Amino acid sequence: MKQLISLILLAFAVVTAPAQAEQVRYISDDLFTYMHKGPSTQFRIIGSVNAGTKVTLLETNKDTGYSRIVDARGRTGWVSSKFISRQVGLKDRVPALEKELTTVKAKLAEAVKSSDEQNAGLKNSLKLRNDQIGELEQQNTKLNDQLMSSQAEIRELRAKLDTQKDDLLMRWFTYGGMVAGVGLLLGLILPHLIPRRRKNNNGWA
């Protein structure tokens, strides 16, 4: 009885094990690989599977290094385990990589263009500021020249004003001396020009 139960359990395990072990795999990037009836090259070839073909892995025989698969056409057979890969084949990966590369190139070109535009804007802004600074420096130089010229003119006018003041003082001194001299001269001359009255002998005028 126990042997019967053991046989039933073993048969159930054999039946359900492939279903539980089914996994998605890909034939690695060789031209193709042969599919055999059994888990070695001693079994007859029942067909071939092209590189990159999506297959379903049913089981693996570690002793012989072969795996049982189901291909996209529904055929079941054994292929060398070294030709089974977890990665998608190049024929599927290359277009995706090319598309991603195109996207990256477009983004890079856009970034370069944006960077060039920003650099051009910064260069223009820098040029405008340099031009403004140059104009301000020229205006500053002109104002400094005008200031120096005005200061020299002010000094010259002050010198002329001081000279005029001195001349005016000299004129006033001269006029004052002349007036004093004329007054003194008149004081000396007039007494001699005005006749004196004679006195009577009796003392009466």
# chains A, B, ... in the order shown; residues from 1 in each chain; ligands from 1
$ residues_around --residues "Leu57 in chain A" --least-positions-apart "4" --cutoff "7 Å" --atoms "only C-alpha atoms" --output "PyMOL selection string"
chain A and resi 22-25+68-70
$ write_last_selection --atoms "N, CA, C and O atoms" --output "PDB file, in the first residue's frame"
ATOM      1  N   GLU A  22       8.331  25.710 -16.007  1.00  0.00           N
ATOM      2  CA  GLU A  22       8.314  26.469 -17.257  1.00  0.00           C
ATOM      3  C   GLU A  22       8.772  27.902 -17.027  1.00  0.00           C
ATOM      4  O   GLU A  22       8.249  28.599 -16.156  1.00  0.00           O
ATOM      5  N   GLN A  23       9.770  28.352 -17.814  1.00  0.00           N
ATOM      6  CA  GLN A  23      10.318  29.693 -17.700  1.00  0.00           C
ATOM      7  C   GLN A  23      10.620  30.232 -19.092  1.00  0.00           C
ATOM      8  O   GLN A  23      10.965  29.473 -19.995  1.00  0.00           O
ATOM      9  N   VAL A  24      10.507  31.513 -19.234  1.00  0.00           N
ATOM     10  CA  VAL A  24      10.791  32.151 -20.521  1.00  0.00           C
ATOM     11  C   VAL A  24      12.303  32.301 -20.684  1.00  0.00           C
ATOM     12  O   VAL A  24      12.995  32.803 -19.800  1.00  0.00           O
ATOM     13  N   ARG A  25      12.800  31.839 -21.803  1.00  0.00           N
ATOM     14  CA  ARG A  25      14.220  31.961 -22.131  1.00  0.00           C
ATOM     15  C   ARG A  25      14.369  32.331 -23.595  1.00  0.00           C
ATOM     16  O   ARG A  25      13.406  32.380 -24.359  1.00  0.00           O
ATOM     17  N   ARG A  68      15.105  20.974 -22.071  1.00  0.00           N
ATOM     18  CA  ARG A  68      13.927  20.718 -22.878  1.00  0.00           C
ATOM     19  C   ARG A  68      13.126  22.013 -22.994  1.00  0.00           C
ATOM     20  O   ARG A  68      12.848  22.672 -21.996  1.00  0.00           O
ATOM     21  N   ILE A  69      12.769  22.371 -24.227  1.00  0.00           N
ATOM     22  CA  ILE A  69      12.100  23.649 -24.488  1.00  0.00           C
ATOM     23  C   ILE A  69      10.889  23.438 -25.384  1.00  0.00           C
ATOM     24  O   ILE A  69      10.743  22.387 -26.014  1.00  0.00           O
ATOM     25  N   VAL A  70      10.074  24.494 -25.442  1.00  0.00           N
ATOM     26  CA  VAL A  70       9.004  24.595 -26.418  1.00  0.00           C
ATOM     27  C   VAL A  70       9.239  25.886 -27.185  1.00  0.00           C
ATOM     28  O   VAL A  70       9.330  26.955 -26.587  1.00  0.00           O
TER      29      VAL A  70
END
$ atom_distance --atom1 "CA of Asp131 in chain A" --atom2 "CA of Asn144 in chain A"
19.7 Å
$ select_by_dssp --residues "range 62-137 of chain A" --states "strand (DSSP E)" --output "PyMOL selection string"
chain A and resi 66-70+76-80+84-85
$ atom_distance --atom1 "CA of Thr64 in chain A" --atom2 "CA of Ala51 in chain A"
21.4 Å
$ decode --residues "range 127-150 of chain A" --atoms "N, CA, C and O atoms" --output "PDB file, in the first residue's frame"
ATOM      1  N   LYS A 127      29.216  91.468 -23.908  1.00  0.00           N
ATOM      2  CA  LYS A 127      29.650  92.493 -24.863  1.00  0.00           C
ATOM      3  C   LYS A 127      28.932  93.812 -24.595  1.00  0.00           C
ATOM      4  O   LYS A 127      29.551  94.893 -24.605  1.00  0.00           O
ATOM      5  N   LEU A 128      27.608  93.742 -24.343  1.00  0.00           N
ATOM      6  CA  LEU A 128      26.854  94.961 -24.052  1.00  0.00           C
ATOM      7  C   LEU A 128      27.382  95.642 -22.794  1.00  0.00           C
ATOM      8  O   LEU A 128      27.536  96.867 -22.749  1.00  0.00           O
ATOM      9  N   ARG A 129      27.658  94.846 -21.778  1.00  0.00           N
ATOM     10  CA  ARG A 129      28.169  95.428 -20.529  1.00  0.00           C
ATOM     11  C   ARG A 129      29.555  96.029 -20.730  1.00  0.00           C
ATOM     12  O   ARG A 129      29.859  97.098 -20.191  1.00  0.00           O
ATOM     13  N   ASN A 130      30.395  95.348 -21.526  1.00  0.00           N
ATOM     14  CA  ASN A 130      31.722  95.908 -21.806  1.00  0.00           C
ATOM     15  C   ASN A 130      31.602  97.220 -22.583  1.00  0.00           C
ATOM     16  O   ASN A 130      32.352  98.178 -22.331  1.00  0.00           O
ATOM     17  N   ASP A 131      30.658  97.249 -23.545  1.00  0.00           N
ATOM     18  CA  ASP A 131      30.440  98.490 -24.299  1.00  0.00           C
ATOM     19  C   ASP A 131      29.956  99.605 -23.375  1.00  0.00           C
ATOM     20  O   ASP A 131      30.413 100.756 -23.482  1.00  0.00           O
ATOM     21  N   GLN A 132      29.033  99.266 -22.468  1.00  0.00           N
ATOM     22  CA  GLN A 132      28.535 100.266 -21.523  1.00  0.00           C
ATOM     23  C   GLN A 132      29.657 100.768 -20.618  1.00  0.00           C
ATOM     24  O   GLN A 132      29.765 101.972 -20.353  1.00  0.00           O
ATOM     25  N   ILE A 133      30.488  99.828 -20.172  1.00  0.00           N
ATOM     26  CA  ILE A 133      31.616 100.226 -19.314  1.00  0.00           C
ATOM     27  C   ILE A 133      32.564 101.137 -20.090  1.00  0.00           C
ATOM     28  O   ILE A 133      33.074 102.138 -19.557  1.00  0.00           O
ATOM     29  N   GLY A 134      32.816 100.783 -21.388  1.00  0.00           N
ATOM     30  CA  GLY A 134      33.689 101.625 -22.204  1.00  0.00           C
ATOM     31  C   GLY A 134      33.118 103.027 -22.377  1.00  0.00           C
ATOM     32  O   GLY A 134      33.847 104.021 -22.281  1.00  0.00           O
ATOM     33  N   GLU A 135      31.785 103.102 -22.613  1.00  0.00           N
ATOM     34  CA  GLU A 135      31.144 104.416 -22.751  1.00  0.00           C
ATOM     35  C   GLU A 135      31.239 105.205 -21.447  1.00  0.00           C
ATOM     36  O   GLU A 135      31.515 106.419 -21.454  1.00  0.00           O
ATOM     37  N   LEU A 136      31.002 104.531 -20.330  1.00  0.00           N
ATOM     38  CA  LEU A 136      31.091 105.219 -19.033  1.00  0.00           C
ATOM     39  C   LEU A 136      32.516 105.704 -18.765  1.00  0.00           C
ATOM     40  O   LEU A 136      32.708 106.805 -18.226  1.00  0.00           O
ATOM     41  N   GLU A 137      33.490 104.898 -19.143  1.00  0.00           N
ATOM     42  CA  GLU A 137      34.881 105.320 -18.952  1.00  0.00           C
ATOM     43  C   GLU A 137      35.198 106.536 -19.814  1.00  0.00           C
ATOM     44  O   GLU A 137      35.896 107.462 -19.370  1.00  0.00           O
ATOM     45  N   GLN A 138      34.697 106.542 -21.060  1.00  0.00           N
ATOM     46  CA  GLN A 138      34.911 107.703 -21.926  1.00  0.00           C
ATOM     47  C   GLN A 138      34.242 108.947 -21.347  1.00  0.00           C
ATOM     48  O   GLN A 138      34.838 110.039 -21.333  1.00  0.00           O
ATOM     49  N   GLN A 139      32.997 108.786 -20.873  1.00  0.00           N
ATOM     50  CA  GLN A 139      32.296 109.919 -20.262  1.00  0.00           C
ATOM     51  C   GLN A 139      33.041 110.398 -19.020  1.00  0.00           C
ATOM     52  O   GLN A 139      33.155 111.609 -18.779  1.00  0.00           O
ATOM     53  N   ASN A 140      33.548 109.453 -18.238  1.00  0.00           N
ATOM     54  CA  ASN A 140      34.283 109.821 -17.032  1.00  0.00           C
ATOM     55  C   ASN A 140      35.548 110.593 -17.387  1.00  0.00           C
ATOM     56  O   ASN A 140      35.890 111.603 -16.750  1.00  0.00           O
ATOM     57  N   THR A 141      36.247 110.121 -18.442  1.00  0.00           N
ATOM     58  CA  THR A 141      37.459 110.830 -18.879  1.00  0.00           C
ATOM     59  C   THR A 141      37.120 112.241 -19.357  1.00  0.00           C
ATOM     60  O   THR A 141      37.820 113.214 -19.038  1.00  0.00           O
ATOM     61  N   LYS A 142      36.029 112.359 -20.142  1.00  0.00           N
ATOM     62  CA  LYS A 142      35.613 113.675 -20.634  1.00  0.00           C
ATOM     63  C   LYS A 142      35.250 114.596 -19.475  1.00  0.00           C
ATOM     64  O   LYS A 142      35.624 115.784 -19.456  1.00  0.00           O
ATOM     65  N   LEU A 143      34.510 114.057 -18.496  1.00  0.00           N
ATOM     66  CA  LEU A 143      34.124 114.871 -17.331  1.00  0.00           C
ATOM     67  C   LEU A 143      35.337 115.297 -16.525  1.00  0.00           C
ATOM     68  O   LEU A 143      35.408 116.441 -16.035  1.00  0.00           O
ATOM     69  N   ASN A 144      36.310 114.390 -16.402  1.00  0.00           N
ATOM     70  CA  ASN A 144      37.534 114.752 -15.681  1.00  0.00           C
ATOM     71  C   ASN A 144      38.281 115.870 -16.404  1.00  0.00           C
ATOM     72  O   ASN A 144      38.798 116.805 -15.775  1.00  0.00           O
ATOM     73  N   ASP A 145      38.324 115.754 -17.749  1.00  0.00           N
ATOM     74  CA  ASP A 145      38.983 116.812 -18.526  1.00  0.00           C
ATOM     75  C   ASP A 145      38.247 118.146 -18.363  1.00  0.00           C
ATOM     76  O   ASP A 145      38.881 119.207 -18.191  1.00  0.00           O
ATOM     77  N   GLN A 146      36.894 118.090 -18.424  1.00  0.00           N
ATOM     78  CA  GLN A 146      36.108 119.312 -18.241  1.00  0.00           C
ATOM     79  C   GLN A 146      36.312 119.882 -16.849  1.00  0.00           C
ATOM     80  O   GLN A 146      36.410 121.105 -16.674  1.00  0.00           O
ATOM     81  N   LEU A 147      36.378 118.994 -15.839  1.00  0.00           N
ATOM     82  CA  LEU A 147      36.586 119.453 -14.464  1.00  0.00           C
ATOM     83  C   LEU A 147      37.940 120.140 -14.326  1.00  0.00           C
ATOM     84  O   LEU A 147      38.055 121.215 -13.710  1.00  0.00           O
ATOM     85  N   MET A 148      38.977 119.525 -14.882  1.00  0.00           N
ATOM     86  CA  MET A 148      40.314 120.129 -14.812  1.00  0.00           C
ATOM     87  C   MET A 148      40.338 121.460 -15.540  1.00  0.00           C
ATOM     88  O   MET A 148      40.957 122.436 -15.060  1.00  0.00           O
ATOM     89  N   SER A 149      39.681 121.530 -16.705  1.00  0.00           N
ATOM     90  CA  SER A 149      39.637 122.789 -17.452  1.00  0.00           C
ATOM     91  C   SER A 149      38.891 123.861 -16.663  1.00  0.00           C
ATOM     92  O   SER A 149      39.329 125.029 -16.593  1.00  0.00           O
ATOM     93  N   SER A 150      37.774 123.464 -16.032  1.00  0.00           N
ATOM     94  CA  SER A 150      37.001 124.422 -15.235  1.00  0.00           C
ATOM     95  C   SER A 150      37.800 124.910 -14.037  1.00  0.00           C
ATOM     96  O   SER A 150      37.769 126.102 -13.692  1.00  0.00           O
TER      97      SER A 150
END
